[in-house]
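Written below as structure tokens is the structure these notes are about.
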Amino acid sequence: MRTLVLGGAGMLGKAVVADGRRRGRAVLGLGRVHADVTERAQLLRWVDEYRPELIINCAAFTLVDECETRREEALAVNGEALENITAAAGHAGADLVHVSTDYVFNGSATAPIPEDAPTDPQSVYGLSKLRGEELALRYDRALVVRASWLFGPGGPNFAATIRRLIGQGTNPLRVVDDQIGRPTFTPFLARALWDLAEAKARGVVHYGNRERTSWHGFASEIAHILAPEVKVLPVSTREFPRPAPRPNYSVLDVSRFEQITSRRVEPWLSGLVAYLESRA
Ligand SMILES: NC(=O)c1ccc[n+]([C@@H]2O[C@H](COP(=O)([O-])OP(=O)(O)OC[C@H]3O[C@@H](n4cnc5c(N)ncnc54)[C@H](OP(=O)(O)O)[C@@H]3O)[C@@H](O)[C@H]2O)c1
């Protein structure tokens with residue numbers, strides 16, 4: 001399965017390229033400098049050159065707060081670019097796996113969110129990602145995988161921030177305890193994307209690691225592993241206002257994923273231990 005990974009220099013993109021190569025696949029990962037997803041001609045040149053059977057799109061404008069003020073750019077990269085990507089996939093006759101987010105929901109759910117729950121994004125980022133999903137799903141060989149709370153090597157992420165603050169001697173840490181979700185280790189998500197692609201899954205699939213926790217619970221585990229003397233104090237979202245609202249409840253229902261792949265999602269704690277040990 002010759003595979004082109006767009007956004008191949010990002011945190012998830014690198015993990016997807018690495019997992020594919022471990023599987024013995026021919027994988028070409030392209031960063032923004034080589035393949036800008038807003039440039040259709042560039043994408044068409046790459047698929048002409050490489051003839052992929054699968055395209056995995058990990059490219060996105062992921063600075064959630066900046067999306068509020070750089071709306072056009074967010075909509076172009078996360079939304080309208082999917083017209084270019086599906087055109088390129090169609091040109092090559094390739095399957096498409098597109099990565100999306102829990103931010104397409106409004107965060108008011110009280111039970112794990114299934115794939116067909118009504119969307120209602122509360123931020124420009126969420127709106128732009130929803131537009132990308134809609135355009136991706138117009139392509140009949142597309143799979144959209146919604147994930148949440150990513151952490152892993154090679155990118156800024158919450159676990160890296162907490163590790164840095166602990167390293168700088170911050171004590172106590174103050175972390176919000178009223179946002180609930182599934183932390184998700186990028187190498188586990190990469191494996192999931194490949195498994196779903198190999199199973200020829202279509203439509204929308206939710207993926208995240210188990211068990212649900214709050215950012216406070218996640219930070220407490222990091223402190224417990226790295227520096228048990230550090231206190232992690234719970235605070236509310238209201239005490240930490242951000243330009244883009246965060247969903248309060250982001251727990252995605254992963255049963256469709258578990259049914260397709262006949263395996264349970266991995267525990268985030270084992271990903272966290274691997275991540276902290278690697279110091280990447
Ligand atoms: N991080 C999370 O917590 C999270 C949660 C749920 C879903 N997701 C989704 O997961 C996917 C991967 O995210 P990530 O965390 O790996 O983010 P990331 O590290 O920011 O990776 C995204 C990559 O896309 C690239 N990019 C930006 N604009 C581009 C363009 N016009 N053309 C081509 N590439 C472009 C970025 O390059 P530059 O660095 O040069 O801008 C970056 O390398 C995204 O679809 C994101 O929406 C992320």
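By order of appearance in the structure tokens: chains A, B, ..., then residues from 1 within every chain, and ligands from 1 in the order shown.
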Tell me, counting only C-alpha atoms and all ligand atoms, for each residue of chain A within 9 Å of ligand 1, which pair of atoms is nearest and how far apart they are in Å to one decimal, in rows ordered by chain and increasing number, as CSV.
```
residue,atom,partner,partner_atom_place_in_ligand_line,distance
A:Leu6,CA,ligand 1,33 (C),6.4
A:Gly7,CA,ligand 1,24 (O),4.1
A:Gly8,CA,ligand 1,43 (O),6.4
A:Ala9,CA,ligand 1,43 (O),4.6
A:Gly10,CA,ligand 1,43 (O),3.3
A:Met11,CA,ligand 1,16 (O),3.7
A:Leu12,CA,ligand 1,16 (O),3.7
A:Gly13,CA,ligand 1,16 (O),5.8
A:Lys14,CA,ligand 1,16 (O),8.0
A:Ala15,CA,ligand 1,16 (O),8.7
A:Leu30,CA,ligand 1,33 (C),8.0
A:Gly31,CA,ligand 1,34 (N),5.7
A:Arg32,CA,ligand 1,33 (C),3.7
A:Val33,CA,ligand 1,40 (O),7.3
A:His34,CA,ligand 1,33 (C),8.0
A:Ala35,CA,ligand 1,33 (C),5.7
A:Asp36,CA,ligand 1,32 (N),3.4
A:Val37,CA,ligand 1,32 (N),4.0
A:Thr38,CA,ligand 1,31 (N),5.3
A:Glu39,CA,ligand 1,31 (N),7.9
A:Asn57,CA,ligand 1,45 (O),7.1
A:Cys58,CA,ligand 1,12 (C),4.6
A:Ala59,CA,ligand 1,24 (O),3.3
A:Ala60,CA,ligand 1,24 (O),4.3
A:Phe61,CA,ligand 1,27 (C),4.8
A:Thr62,CA,ligand 1,20 (O),4.9
A:Leu63,CA,ligand 1,20 (O),7.2
A:Glu73,CA,ligand 1,31 (N),8.4
A:Ala74,CA,ligand 1,28 (N),8.7
A:Ala76,CA,ligand 1,31 (N),7.8
A:Val77,CA,ligand 1,31 (N),5.1
A:Asn78,CA,ligand 1,47 (O),7.5
A:Ala81,CA,ligand 1,31 (N),7.9
A:His98,CA,ligand 1,45 (O),7.2
A:Val99,CA,ligand 1,45 (O),4.6
A:Ser100,CA,ligand 1,45 (O),5.1
A:Thr101,CA,ligand 1,7 (C),4.0
A:Asp102,CA,ligand 1,6 (C),6.2
A:Tyr103,CA,ligand 1,6 (C),7.6
A:Tyr125,CA,ligand 1,47 (O),8.3
A:Gly126,CA,ligand 1,47 (O),8.8
A:Lys129,CA,ligand 1,47 (O),6.9
A:Val145,CA,ligand 1,7 (C),8.7
A:Arg146,CA,ligand 1,7 (C),6.4
A:Ala147,CA,ligand 1,6 (C),4.6
A:Ser148,CA,ligand 1,6 (C),3.9
A:Trp149,CA,ligand 1,3 (O),4.0
A:Leu150,CA,ligand 1,3 (O),3.8
A:Phe151,CA,ligand 1,3 (O),6.7
A:Gly152,CA,ligand 1,15 (O),8.7
A:Gly154,CA,ligand 1,19 (O),7.4
A:Gly155,CA,ligand 1,19 (O),5.2
A:Pro156,CA,ligand 1,19 (O),7.1
A:Asn157,CA,ligand 1,1 (N),6.7
A:Phe158,CA,ligand 1,3 (O),8.2
A:Pro183,CA,ligand 1,3 (O),8.4
A:Thr184,CA,ligand 1,3 (O),8.1
A:Thr186,CA,ligand 1,16 (O),7.8
```
### Neighbour list for A:Arg174 as a list in words, cut-off 9 Å, only C-alpha atoms, skip fewer than 2 positions in-chain
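Here the answer would be Asn171, Pro172, Val176, His216, Lys231, Val232, Leu233, Pro234 and Val235 of chain A.
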### Query
Could you name the residues that touch A:Glu198 at 10 Å or less, counting only C-alpha atoms, but leaving out those on the same chain fewer than 5 positions away, as number ranges by chain?
A: 1, 54, 192-193, 261
### Task
Give me the residues within 12 Å of A:Asp120 as number ranges by chain, counting only C-alpha atoms and dropping any in the same chain fewer than 2 places off.
A: 102-109, 117-118, 122-131, 247
Pull all heavy atoms from the residues just selected and write them as a compact mmCIF listing (two decimals), in the first residue's frame.
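Output below, filename selection_27.txt:
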```txt
# COMPACT_ATOMS: atom_id res chain seq x y z
N ASP A 102 -12.39 16.05 18.43
CA ASP A 102 -13.55 16.18 19.32
C ASP A 102 -14.11 17.61 19.33
O ASP A 102 -15.22 17.83 19.80
CB ASP A 102 -13.14 15.79 20.74
CG ASP A 102 -11.96 16.60 21.24
OD1 ASP A 102 -10.87 16.46 20.66
OD2 ASP A 102 -12.12 17.40 22.19
N TYR A 103 -13.33 18.60 18.84
CA TYR A 103 -13.81 20.00 18.85
C TYR A 103 -14.99 20.23 17.91
O TYR A 103 -15.54 21.32 17.88
CB TYR A 103 -12.67 20.96 18.49
CG TYR A 103 -11.77 21.31 19.65
CD1 TYR A 103 -10.98 20.35 20.27
CD2 TYR A 103 -11.70 22.61 20.13
CE1 TYR A 103 -10.16 20.67 21.33
CE2 TYR A 103 -10.87 22.95 21.19
CZ TYR A 103 -10.10 21.98 21.78
OH TYR A 103 -9.28 22.30 22.82
N VAL A 104 -15.36 19.23 17.12
CA VAL A 104 -16.57 19.40 16.29
C VAL A 104 -17.83 19.30 17.16
O VAL A 104 -18.91 19.62 16.70
CB VAL A 104 -16.65 18.38 15.12
CG1 VAL A 104 -15.45 18.55 14.19
CG2 VAL A 104 -16.75 16.95 15.62
N PHE A 105 -17.68 18.86 18.41
CA PHE A 105 -18.83 18.77 19.33
C PHE A 105 -18.80 19.96 20.30
O PHE A 105 -17.76 20.60 20.48
CB PHE A 105 -18.78 17.45 20.11
CG PHE A 105 -18.87 16.24 19.21
CD1 PHE A 105 -17.79 15.38 19.07
CD2 PHE A 105 -20.03 15.97 18.50
CE1 PHE A 105 -17.86 14.27 18.24
CE2 PHE A 105 -20.11 14.87 17.66
CZ PHE A 105 -19.03 14.01 17.53
N ASN A 106 -19.95 20.18 20.96
CA ASN A 106 -20.01 21.37 21.83
C ASN A 106 -19.60 21.10 23.28
O ASN A 106 -19.56 22.03 24.08
CB ASN A 106 -21.40 22.03 21.76
CG ASN A 106 -22.50 21.13 22.29
OD1 ASN A 106 -22.24 20.16 23.01
ND2 ASN A 106 -23.74 21.46 21.95
N GLY A 107 -19.31 19.86 23.60
CA GLY A 107 -18.78 19.57 24.94
C GLY A 107 -19.85 19.40 26.00
O GLY A 107 -19.53 19.29 27.18
N SER A 108 -21.12 19.38 25.61
CA SER A 108 -22.18 19.31 26.62
C SER A 108 -22.66 17.88 26.88
O SER A 108 -23.55 17.66 27.70
CB SER A 108 -23.38 20.18 26.21
OG SER A 108 -24.00 19.61 25.07
N ALA A 109 -22.08 16.89 26.17
CA ALA A 109 -22.51 15.50 26.37
C ALA A 109 -22.19 15.05 27.79
O ALA A 109 -21.34 15.64 28.47
CB ALA A 109 -21.82 14.59 25.35
N ALA A 117 -23.41 11.46 16.67
CA ALA A 117 -23.96 12.52 17.53
C ALA A 117 -23.94 13.84 16.76
O ALA A 117 -23.06 14.06 15.92
CB ALA A 117 -23.12 12.64 18.80
N PRO A 118 -24.91 14.74 17.04
CA PRO A 118 -24.94 16.02 16.32
C PRO A 118 -23.68 16.85 16.60
O PRO A 118 -23.24 16.93 17.75
CB PRO A 118 -26.18 16.73 16.88
CG PRO A 118 -26.90 15.74 17.71
CD PRO A 118 -26.00 14.59 18.00
N GLN A 122 -17.79 24.99 18.74
CA GLN A 122 -17.87 26.25 19.50
C GLN A 122 -16.71 27.18 19.20
O GLN A 122 -16.62 28.26 19.78
CB GLN A 122 -17.88 25.93 21.01
CG GLN A 122 -19.02 25.05 21.44
CD GLN A 122 -20.37 25.75 21.29
OE1 GLN A 122 -20.61 26.77 21.92
NE2 GLN A 122 -21.22 25.21 20.43
N SER A 123 -15.79 26.74 18.34
CA SER A 123 -14.60 27.55 18.05
C SER A 123 -14.36 27.55 16.55
O SER A 123 -14.89 26.70 15.83
CB SER A 123 -13.38 26.94 18.76
OG SER A 123 -13.18 25.61 18.29
N VAL A 124 -13.54 28.49 16.09
CA VAL A 124 -13.19 28.53 14.66
C VAL A 124 -12.44 27.24 14.28
O VAL A 124 -12.67 26.67 13.21
CB VAL A 124 -12.33 29.78 14.34
CG1 VAL A 124 -11.79 29.73 12.93
CG2 VAL A 124 -13.14 31.04 14.58
N TYR A 125 -11.56 26.79 15.17
CA TYR A 125 -10.85 25.53 14.91
C TYR A 125 -11.85 24.40 14.67
O TYR A 125 -11.76 23.67 13.68
CB TYR A 125 -9.93 25.21 16.09
CG TYR A 125 -9.26 23.86 16.03
CD1 TYR A 125 -8.25 23.60 15.10
CD2 TYR A 125 -9.63 22.83 16.90
CE1 TYR A 125 -7.64 22.35 15.04
CE2 TYR A 125 -9.03 21.58 16.86
CZ TYR A 125 -8.03 21.35 15.93
OH TYR A 125 -7.44 20.11 15.87
N GLY A 126 -12.81 24.26 15.59
CA GLY A 126 -13.81 23.18 15.46
C GLY A 126 -14.63 23.32 14.19
O GLY A 126 -14.90 22.33 13.49
N LEU A 127 -15.00 24.56 13.87
CA LEU A 127 -15.78 24.82 12.66
C LEU A 127 -14.98 24.44 11.41
O LEU A 127 -15.50 23.81 10.48
CB LEU A 127 -16.12 26.31 12.63
CG LEU A 127 -17.07 26.79 11.55
CD1 LEU A 127 -18.48 26.32 11.87
CD2 LEU A 127 -17.03 28.34 11.48
N SER A 128 -13.72 24.82 11.41
CA SER A 128 -12.87 24.55 10.24
C SER A 128 -12.65 23.04 10.08
O SER A 128 -12.66 22.51 8.97
CB SER A 128 -11.54 25.29 10.34
OG SER A 128 -10.74 24.79 11.39
N LYS A 129 -12.49 22.34 11.20
CA LYS A 129 -12.29 20.88 11.12
C LYS A 129 -13.58 20.19 10.67
O LYS A 129 -13.53 19.20 9.94
CB LYS A 129 -11.83 20.33 12.48
CG LYS A 129 -10.45 20.79 12.94
CD LYS A 129 -9.30 20.25 12.08
CE LYS A 129 -9.11 18.78 12.20
NZ LYS A 129 -7.92 18.31 11.41
N LEU A 130 -14.72 20.71 11.08
CA LEU A 130 -15.99 20.12 10.64
C LEU A 130 -16.15 20.29 9.12
O LEU A 130 -16.58 19.37 8.43
CB LEU A 130 -17.17 20.77 11.38
CG LEU A 130 -18.55 20.24 11.01
CD1 LEU A 130 -18.66 18.75 11.29
CD2 LEU A 130 -19.65 21.01 11.76
N ARG A 131 -15.78 21.47 8.61
CA ARG A 131 -15.85 21.70 7.15
C ARG A 131 -14.94 20.69 6.43
O ARG A 131 -15.31 20.14 5.40
CB ARG A 131 -15.43 23.15 6.86
CG ARG A 131 -15.37 23.50 5.41
CD ARG A 131 -16.75 23.55 4.79
NE ARG A 131 -16.68 23.89 3.38
CZ ARG A 131 -17.54 23.47 2.46
NH1 ARG A 131 -18.56 22.70 2.80
NH2 ARG A 131 -17.41 23.83 1.22
N PRO A 247 -14.06 22.20 24.86
CA PRO A 247 -15.21 21.36 25.25
C PRO A 247 -15.04 20.83 26.68
O PRO A 247 -13.93 20.41 27.04
CB PRO A 247 -15.17 20.20 24.24
CG PRO A 247 -14.13 20.54 23.22
CD PRO A 247 -13.25 21.61 23.79
```
### Message
Please extract the residues of stretch 40-239 of chain A with a backbone DSSP assignment of alpha helix (DSSP H) and present them as a ChimeraX atom specification.
### Response
/A:40-50,64-69,71-74,81-92,124-137,158-167,186-198,215-226
### Query
What are the DSSP strand (DSSP E or B) residues of stretch 2-191 of chain A, as a ChimeraX atom specification?
/A:3-6,27-30,54-57,95-101,113,142-147,150-151,173-176,180-181,184-185
Write the residues of the selection above to a file with N, CA, C and O atoms, as a compact mmCIF listing (two decimals), in the first residue's frame.
```txt
# COMPACT_ATOMS: atom_id res chain seq x y z
N THR A 3 1.92 4.76 0.32
CA THR A 3 1.17 5.74 1.12
C THR A 3 1.85 7.09 1.18
O THR A 3 3.06 7.17 1.42
N LEU A 4 1.07 8.12 0.98
CA LEU A 4 1.53 9.50 1.11
C LEU A 4 0.96 10.05 2.41
O LEU A 4 -0.26 9.97 2.64
N VAL A 5 1.83 10.56 3.28
CA VAL A 5 1.36 11.16 4.54
C VAL A 5 1.52 12.67 4.43
O VAL A 5 2.65 13.18 4.35
N LEU A 6 0.41 13.38 4.41
CA LEU A 6 0.45 14.85 4.38
C LEU A 6 0.54 15.36 5.82
O LEU A 6 -0.04 14.77 6.73
N VAL A 27 6.28 4.35 2.39
CA VAL A 27 5.61 5.55 2.91
C VAL A 27 6.44 6.79 2.60
O VAL A 27 7.64 6.82 2.87
N LEU A 28 5.78 7.79 2.07
CA LEU A 28 6.43 9.08 1.83
C LEU A 28 5.73 10.12 2.70
O LEU A 28 4.53 10.38 2.51
N GLY A 29 6.46 10.68 3.66
CA GLY A 29 5.90 11.72 4.52
C GLY A 29 6.33 13.08 4.00
O GLY A 29 7.51 13.31 3.80
N LEU A 30 5.36 13.96 3.78
CA LEU A 30 5.67 15.28 3.23
C LEU A 30 5.25 16.38 4.20
O LEU A 30 4.09 16.42 4.62
N LEU A 54 -2.88 5.01 -0.89
CA LEU A 54 -3.48 5.53 0.34
C LEU A 54 -2.88 6.90 0.64
O LEU A 54 -1.66 7.08 0.50
N ILE A 55 -3.74 7.85 1.03
CA ILE A 55 -3.26 9.16 1.52
C ILE A 55 -3.76 9.31 2.95
O ILE A 55 -4.96 9.10 3.22
N ILE A 56 -2.86 9.62 3.86
CA ILE A 56 -3.26 9.89 5.25
C ILE A 56 -2.99 11.37 5.51
O ILE A 56 -1.83 11.82 5.39
N ASN A 57 -4.03 12.11 5.83
CA ASN A 57 -3.87 13.55 6.02
C ASN A 57 -3.75 13.91 7.49
O ASN A 57 -4.73 13.88 8.23
N ASP A 95 -7.30 5.48 -1.44
CA ASP A 95 -8.11 5.65 -0.23
C ASP A 95 -7.60 6.88 0.50
O ASP A 95 -6.42 7.25 0.38
N LEU A 96 -8.49 7.48 1.30
CA LEU A 96 -8.10 8.66 2.09
C LEU A 96 -8.45 8.44 3.55
O LEU A 96 -9.59 8.05 3.88
N VAL A 97 -7.48 8.67 4.43
CA VAL A 97 -7.74 8.71 5.88
C VAL A 97 -7.48 10.14 6.32
O VAL A 97 -6.38 10.67 6.12
N HIS A 98 -8.49 10.76 6.90
CA HIS A 98 -8.39 12.16 7.32
C HIS A 98 -8.60 12.24 8.83
O HIS A 98 -9.53 11.63 9.37
N VAL A 99 -7.73 13.01 9.51
CA VAL A 99 -7.80 13.06 10.97
C VAL A 99 -8.58 14.30 11.41
O VAL A 99 -8.32 15.41 10.95
N SER A 100 -9.54 14.09 12.31
CA SER A 100 -10.32 15.21 12.84
C SER A 100 -10.33 15.17 14.37
O SER A 100 -9.48 14.50 14.97
N THR A 101 -11.27 15.86 14.95
CA THR A 101 -11.15 16.20 16.37
C THR A 101 -12.48 16.20 17.13
O THR A 101 -13.55 16.39 16.53
N ILE A 113 -19.37 9.93 23.37
CA ILE A 113 -20.01 10.52 22.18
C ILE A 113 -19.84 9.58 20.98
O ILE A 113 -18.72 9.31 20.55
N ALA A 142 -13.27 7.66 1.55
CA ALA A 142 -12.71 8.41 2.69
C ALA A 142 -13.11 7.81 4.03
O ALA A 142 -14.21 7.30 4.21
N LEU A 143 -12.18 7.92 4.96
CA LEU A 143 -12.42 7.61 6.36
C LEU A 143 -12.00 8.84 7.17
O LEU A 143 -10.90 9.36 6.97
N VAL A 144 -12.86 9.28 8.07
CA VAL A 144 -12.53 10.38 8.98
C VAL A 144 -12.36 9.78 10.37
O VAL A 144 -13.27 9.10 10.87
N VAL A 145 -11.20 10.00 10.98
CA VAL A 145 -10.96 9.50 12.34
C VAL A 145 -10.88 10.69 13.28
O VAL A 145 -9.98 11.53 13.16
N ARG A 146 -11.86 10.76 14.19
CA ARG A 146 -11.82 11.84 15.19
C ARG A 146 -11.05 11.35 16.42
O ARG A 146 -11.33 10.26 16.93
N ALA A 147 -10.10 12.18 16.87
CA ALA A 147 -9.31 11.83 18.05
C ALA A 147 -9.29 13.04 18.99
O ALA A 147 -9.84 14.10 18.66
N LEU A 150 -4.15 14.79 22.01
CA LEU A 150 -2.95 14.07 21.55
C LEU A 150 -1.70 14.47 22.34
O LEU A 150 -1.51 15.65 22.66
N PHE A 151 -0.87 13.49 22.62
CA PHE A 151 0.47 13.76 23.15
C PHE A 151 1.43 12.73 22.57
O PHE A 151 1.02 11.62 22.21
N LEU A 173 1.49 22.99 40.80
CA LEU A 173 0.91 23.21 39.47
C LEU A 173 -0.59 23.42 39.65
O LEU A 173 -1.19 22.81 40.53
N ARG A 174 -1.16 24.29 38.83
CA ARG A 174 -2.63 24.49 38.86
C ARG A 174 -3.19 24.05 37.53
O ARG A 174 -2.80 24.59 36.49
N VAL A 175 -4.09 23.06 37.56
CA VAL A 175 -4.56 22.46 36.32
C VAL A 175 -6.08 22.26 36.38
O VAL A 175 -6.61 21.83 37.42
N VAL A 176 -6.74 22.53 35.25
CA VAL A 176 -8.22 22.46 35.26
C VAL A 176 -8.71 21.02 35.46
O VAL A 176 -8.15 20.08 34.90
N ILE A 180 -13.10 16.92 30.70
CA ILE A 180 -12.90 15.47 30.75
C ILE A 180 -12.68 14.96 29.34
O ILE A 180 -13.39 15.36 28.41
N GLY A 181 -11.71 14.07 29.17
CA GLY A 181 -11.48 13.51 27.83
C GLY A 181 -10.63 12.25 27.89
O GLY A 181 -10.43 11.67 28.96
N THR A 184 -4.47 10.73 24.37
CA THR A 184 -4.22 9.79 23.27
C THR A 184 -2.78 9.91 22.80
O THR A 184 -2.35 10.98 22.38
N PHE A 185 -2.06 8.80 22.89
CA PHE A 185 -0.63 8.76 22.56
C PHE A 185 -0.50 8.64 21.03
O PHE A 185 -1.09 7.72 20.43
```
### Message
Please report the interatomic distance between atom CA of A:Tyr249 and atom CA of A:Ala219 in Å with one decimal.
### Response
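Computed distance, atom CA of A:Tyr249 to atom CA of A:Ala219, equals 17.2 Å.
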### Message
Would you pick out the contacts of A:His206 at 8 Å or less, using only C-alpha atoms, so that residues sharing its chain but fewer than 6 positions from it are not included, and give the list as a list in words?
### Response
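What passes the distance filter is Pro114, Glu115, Val145, Arg146, Ala147, Leu252, Asp253, Val254, Arg256 and Phe257 of chain A.
The shortest atom-to-atom distance to A:Arg210, with only C-alpha atoms taken into account, belongs to A:Arg264 out of A:Arg21, A:Arg138, A:Arg163, A:Arg264.
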### Task
Write out as a list in words which residues come within 9 Å of A:Gly20 when counting only C-alpha atoms, dropping same-chain ones fewer than 4 positions away.
Thr3, Ala15, Val16, Gly24, Arg25, Ala26, Val27, Ala190, Arg191 and Trp194 of chain A
With all heavy atoms retained, export the selected residues as a CSV table (one decimal), in the first residue's frame.
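Result file follows (selection14.csv):
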```csv
chain,number,residue,atom,x,y,z
A,3,THR,N,1.9,4.8,0.3
A,3,THR,CA,1.2,5.7,1.1
A,3,THR,C,1.8,7.1,1.2
A,3,THR,O,3.1,7.2,1.4
A,3,THR,CB,1.0,5.2,2.6
A,3,THR,OG1,0.3,3.9,2.5
A,3,THR,CG2,0.2,6.1,3.4
A,15,ALA,N,4.7,10.0,13.6
A,15,ALA,CA,4.3,8.7,14.2
A,15,ALA,C,3.7,7.8,13.1
A,15,ALA,O,3.9,6.6,13.1
A,15,ALA,CB,3.4,8.9,15.4
A,16,VAL,N,2.9,8.4,12.2
A,16,VAL,CA,2.2,7.6,11.2
A,16,VAL,C,3.3,7.1,10.2
A,16,VAL,O,3.2,5.9,9.8
A,16,VAL,CB,1.2,8.5,10.5
A,16,VAL,CG1,0.6,7.8,9.2
A,16,VAL,CG2,0.0,8.8,11.4
A,24,GLY,N,6.5,-2.3,7.1
A,24,GLY,CA,7.1,-2.7,5.8
A,24,GLY,C,6.4,-2.0,4.6
A,24,GLY,O,6.6,-2.4,3.5
A,25,ARG,N,5.7,-0.9,4.9
A,25,ARG,CA,5.0,-0.2,3.8
A,25,ARG,C,5.9,0.8,3.2
A,25,ARG,O,6.8,1.3,3.8
A,25,ARG,CB,3.8,0.6,4.4
A,25,ARG,CG,2.8,-0.2,5.1
A,25,ARG,CD,2.0,-1.0,4.2
A,25,ARG,NE,1.0,-1.9,4.9
A,25,ARG,CZ,0.4,-2.9,4.3
A,25,ARG,NH1,0.6,-3.2,3.0
A,25,ARG,NH2,-0.5,-3.6,5.0
A,26,ALA,N,5.7,1.1,1.9
A,26,ALA,CA,6.4,2.2,1.2
A,26,ALA,C,5.6,3.5,1.6
A,26,ALA,O,4.4,3.6,1.3
A,26,ALA,CB,6.3,2.0,-0.3
A,27,VAL,N,6.3,4.4,2.4
A,27,VAL,CA,5.6,5.5,2.9
A,27,VAL,C,6.4,6.8,2.6
A,27,VAL,O,7.6,6.8,2.9
A,27,VAL,CB,5.4,5.5,4.5
A,27,VAL,CG1,4.6,6.7,5.0
A,27,VAL,CG2,4.8,4.2,4.9
A,190,ALA,N,-1.4,6.4,15.6
A,190,ALA,CA,-0.9,6.0,14.3
A,190,ALA,C,-1.2,4.6,13.9
A,190,ALA,O,-1.6,4.2,12.8
A,190,ALA,CB,0.7,6.3,14.3
A,191,ARG,N,-1.0,3.7,14.9
A,191,ARG,CA,-1.3,2.3,14.7
A,191,ARG,C,-2.8,2.1,14.4
A,191,ARG,O,-3.1,1.3,13.5
A,191,ARG,CB,-0.9,1.6,16.0
A,191,ARG,CG,-1.3,0.1,16.0
A,191,ARG,CD,-0.9,-0.5,17.4
A,191,ARG,NE,-1.4,-1.9,17.5
A,191,ARG,CZ,-1.9,-2.5,18.5
A,191,ARG,NH1,-1.9,-1.8,19.7
A,191,ARG,NH2,-2.3,-3.7,18.5
A,194,TRP,N,-3.5,3.1,10.7
A,194,TRP,CA,-3.1,2.0,9.8
A,194,TRP,C,-4.0,0.8,9.8
A,194,TRP,O,-4.4,0.2,8.8
A,194,TRP,CB,-1.6,1.6,10.1
A,194,TRP,CG,-0.6,2.6,9.5
A,194,TRP,CD1,0.1,3.5,10.2
A,194,TRP,CD2,-0.2,2.7,8.2
A,194,TRP,NE1,0.9,4.2,9.4
A,194,TRP,CE2,0.8,3.7,8.1
A,194,TRP,CE3,-0.5,2.0,7.0
A,194,TRP,CZ2,1.4,4.1,6.9
A,194,TRP,CZ3,0.1,2.4,5.8
A,194,TRP,CH2,1.0,3.4,5.8
```
### Message
Rounded to one decimal, what separation in Å do you get between atom CA of A:Ser270 and atom CA of A:Pro245?
### Response
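Rounded to one decimal, the two atoms are 29.3 Å apart.
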### Query
A:Ala88: which residues within 6 Å, counting only C-alpha atoms, same-chain residues fewer than 3 positions away excluded, as a PyMOL selection string?
chain A and resi 44+85+91
#### Entry: A:Ile162, A:Ala41, A:Val47, A:Ala92 ranked by distance to A:Phe218, top pick (using only C-alpha atoms)
A:Ile162
### Atom-to-atom span, atom CA of A:Arg71 and atom CA of A:Arg242, Å
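Taking atom CA of A:Arg71 and atom CA of A:Arg242, their separation equals 16.1 Å.
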### Message
Ranking A:Pro121, A:Pro267, A:Gly79, A:Pro187 by minimum distance to A:Ala244 and counting only C-alpha atoms, which one comes first?
### Response
A:Pro121
